[in-house]
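Written below as structure tokens is the structure these notes are about.
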There are 2 protein chains.
Amino acid sequence: MTETYPSQHLERAVAEISKLPGIGRKTALRLALHLLRQDVSQAHALASAIVALRDEVRYCSVCHNVSDSDTCDICANPRRDSSTLCVVENVSGVLSVEATGQYRGLYHVLGGLISPMDGVGPSDLQIASLVERVAAGGIREVIFALSPTMEGDSTGFYISRRLAEYDVLLTTLARGVSVGDDLEYTDEATLGRAIAARVSMK
Amino acid sequence: MTETYPSQHLERAVAEISKLPGIGRKTALRLALHLLRQDVSQAHALASAIVALRDEVRYCSVCHNVSDSDTCDICANPRRDSSTLCVVENVSGVLSVEATGQYRGLYHVLGGLISPMDGVGPSDLQIASLVERVAAGGIREVIFALSPTMEGDSTGFYISRRLAEYDVLLTTLARGVSVGDDLEYTDEATLGRAIAARVSMK
């Protein structure tokens, strides 16, 4: 049922906000009413940040990460190890790996995962440019840091076949029990993999 | 830990979006990346809807509901019963009561609930104007449709005392078991009230 809003401005705001993923009409109304209660400047700051995001953000011409310039800060950093590439789905992947503080190489942002159900094929992703980077030489290892899901696995598998002809090490994230997880609540698939891939303690 | 975003535009968008209630930085990033993937027009439509909402929306001078004009459509409707007022917390309350199709009277939107913890006192709400409407005469019944919470109850109690001197019927929503609820999962307070307020079946 569509409710009749007492104002067309409210109606339009709810309609636009509820287009965002995971936000229904009830939440959109709550957010709109929140904005109405705040200072005018907050709504304006939010709106201009959204416009600037969409109009000004660029993508690194090398790794396709979000960037404010043609080459992103990571690709332009001479202290990063340019012989290692970490393949991630999107910007969140870059942020997650960076947050570990364990990685000093470069990235390659695919812009999604292969998902026939959603109509996303290899040509919709930055796979050709990854193959080009590897073919250009100088890369020793490609690390796949994709989600441990069906889409992540098949995307990794597809790309690894495309890269098979090059002399480059292909690795993927270790699968195992999460740090801090209670074993009682670890799912069988994860526990099974962790047993199969058990490591020596000395 | 604050993450270093690869773009200041992305950083600013995440900062502004995460100011919204119930939206953390992870969700804000997800929403920002979604907007980046969509057509430019969608981000612009969202931004202009937010600006229009905050700049153009007005409040009904009678009931304080959100409105596009000085008097809202409900207050201006001669077919509504002007002898009955329904007191609600905010616009959502009006929408919820309207959605029932059971109410033909007018509204009075408080703009919040009394909550000393949040620094909201009676003078921050549209209580004085409610007393004025009742004092002006012509109103037979005031229905309190506030949330069945501590804040809702105390706000209703406070207002009912302010209105005690006027010859007007004060009522509140019936408390009882929800339609469709499984009795096994109904909390004791609700079930206790429903037993105490049991109604004859014939």
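Ordering of the structure tokens sets the chain letters (A, B, ...); residue numbers start at 1 within each chain; ligands are numbered from 1 in the order shown.
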
### Message
Show me, as a PyMOL selection string, the residues of chain B whose atoms get within 6 Å of chain A, using only C-alpha atoms for the distance check.
### Response
chain B and resi 6-7+9-10+13+16+36+44+46-47+49-51+53-54+67-68

Can you tell me, as a CSV table (one decimal) with N, CA and C atoms, in the first residue's frame, what residues are no more than 9 Å from region 143-148 of chain B when counting only C-alpha atoms, ignoring any on the same chain fewer than 2 positions away?
```
chain,number,residue,atom,x,y,z
B,84,THR,N,-13.0,16.2,16.9
B,84,THR,CA,-12.1,15.2,17.5
B,84,THR,C,-10.7,15.5,17.1
B,85,LEU,N,-9.8,15.5,18.1
B,85,LEU,CA,-8.3,15.6,17.8
B,85,LEU,C,-7.6,14.4,18.2
B,86,CYS,N,-6.7,14.0,17.3
B,86,CYS,CA,-5.8,12.8,17.6
B,86,CYS,C,-4.4,13.4,17.8
B,87,VAL,N,-3.9,13.2,19.0
B,87,VAL,CA,-2.5,13.7,19.3
B,87,VAL,C,-1.5,12.6,19.0
B,88,VAL,N,-0.6,13.0,18.1
B,88,VAL,CA,0.5,12.0,17.7
B,88,VAL,C,1.8,12.7,17.9
B,89,GLU,N,2.9,11.8,17.9
B,89,GLU,CA,4.2,12.3,18.2
B,89,GLU,C,4.8,13.0,16.9
B,93,GLY,N,3.1,9.2,12.9
B,93,GLY,CA,1.9,8.9,13.6
B,93,GLY,C,0.7,9.2,12.8
B,97,VAL,N,-2.1,6.4,11.6
B,97,VAL,CA,-3.5,6.4,11.9
B,97,VAL,C,-4.3,6.6,10.6
B,113,LEU,N,8.3,13.6,22.0
B,113,LEU,CA,7.8,13.2,23.3
B,113,LEU,C,8.6,13.8,24.4
B,141,GLU,N,-13.5,15.6,21.9
B,141,GLU,CA,-12.6,14.4,22.3
B,141,GLU,C,-11.2,14.6,21.8
B,150,MET,N,7.5,4.5,28.0
B,150,MET,CA,7.6,5.4,29.1
B,150,MET,C,7.4,6.8,28.7
B,151,GLU,N,8.1,7.2,27.6
B,151,GLU,CA,8.0,8.6,27.1
B,151,GLU,C,6.6,8.9,26.6
B,152,GLY,N,6.0,8.0,25.9
B,152,GLY,CA,4.7,8.2,25.4
B,152,GLY,C,3.7,8.3,26.5
B,153,ASP,N,3.8,7.4,27.5
B,153,ASP,CA,2.9,7.4,28.6
B,153,ASP,C,3.0,8.7,29.4
B,155,THR,N,4.2,11.6,28.5
B,155,THR,CA,3.7,12.8,27.7
B,155,THR,C,2.2,12.8,27.7
B,156,GLY,N,1.6,11.7,27.5
B,156,GLY,CA,0.1,11.7,27.6
B,156,GLY,C,-0.4,12.1,28.9
B,169,LEU,N,-13.5,15.1,26.4
B,169,LEU,CA,-13.2,13.6,26.7
B,169,LEU,C,-11.8,13.3,26.3
B,170,LEU,N,-11.0,12.7,27.2
B,170,LEU,CA,-9.7,12.3,26.9
B,170,LEU,C,-9.6,10.8,26.8
B,171,THR,N,-9.1,10.3,25.7
B,171,THR,CA,-9.0,8.9,25.5
B,171,THR,C,-7.7,8.5,25.0
B,172,THR,N,-7.3,7.2,25.1
B,172,THR,CA,-6.0,6.7,24.6
B,172,THR,C,-6.3,5.4,23.9
B,173,LEU,N,-5.3,5.0,23.1
B,173,LEU,CA,-5.4,3.8,22.3
B,173,LEU,C,-5.7,2.6,23.3
B,175,ARG,N,-5.0,-0.9,24.8
B,175,ARG,CA,-3.9,-1.8,24.9
B,175,ARG,C,-4.4,-3.2,25.0
```

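Here CA of Arg80 (chain B) is placed at a distance of 21.3 Å from CA of Asp167 (chain B).
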
### Query
Which residues come within 12 Å of Ile127 (chain B), counting only C-alpha atoms, excluding same-chain residues fewer than 5 positions away, as a ChimeraX atom specification?
/B:63-64,87-89,108-114,121-122,132-134,155-156,158-163

### Message
Among chain A, which ones does DSSP assign to strand (DSSP E or B) (computed from the backbone)? Answer as a ChimeraX atom specification.
### Response
/A:58-59,66-67,81-88,105-109,115,120,141-144,169-172

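Going from CA of Asp124 (chain B) over to CA of Val168 (chain B), you cover 24.1 Å.
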
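Distance-wise, CA of Glu165 (chain B) and CA of Ala135 (chain B) end up 9.4 Å apart.
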
### Message
I need the alpha helix (DSSP H) residues of chain B per DSSP on the backbone, written as JSON, numbers by chain.
### Response
{"B": [8, 9, 10, 11, 12, 13, 14, 15, 16, 17, 25, 26, 27, 28, 29, 30, 31, 32, 33, 34, 35, 36, 37, 40, 41, 42, 43, 44, 45, 46, 47, 48, 49, 50, 51, 52, 53, 54, 55, 56, 73, 74, 75, 76, 91, 92, 93, 94, 95, 96, 97, 98, 99, 100, 128, 129, 130, 131, 132, 133, 134, 135, 150, 151, 152, 153, 154, 155, 156, 157, 158, 159, 160, 161, 162, 188, 189, 190, 191, 192, 193, 194, 195, 196]}
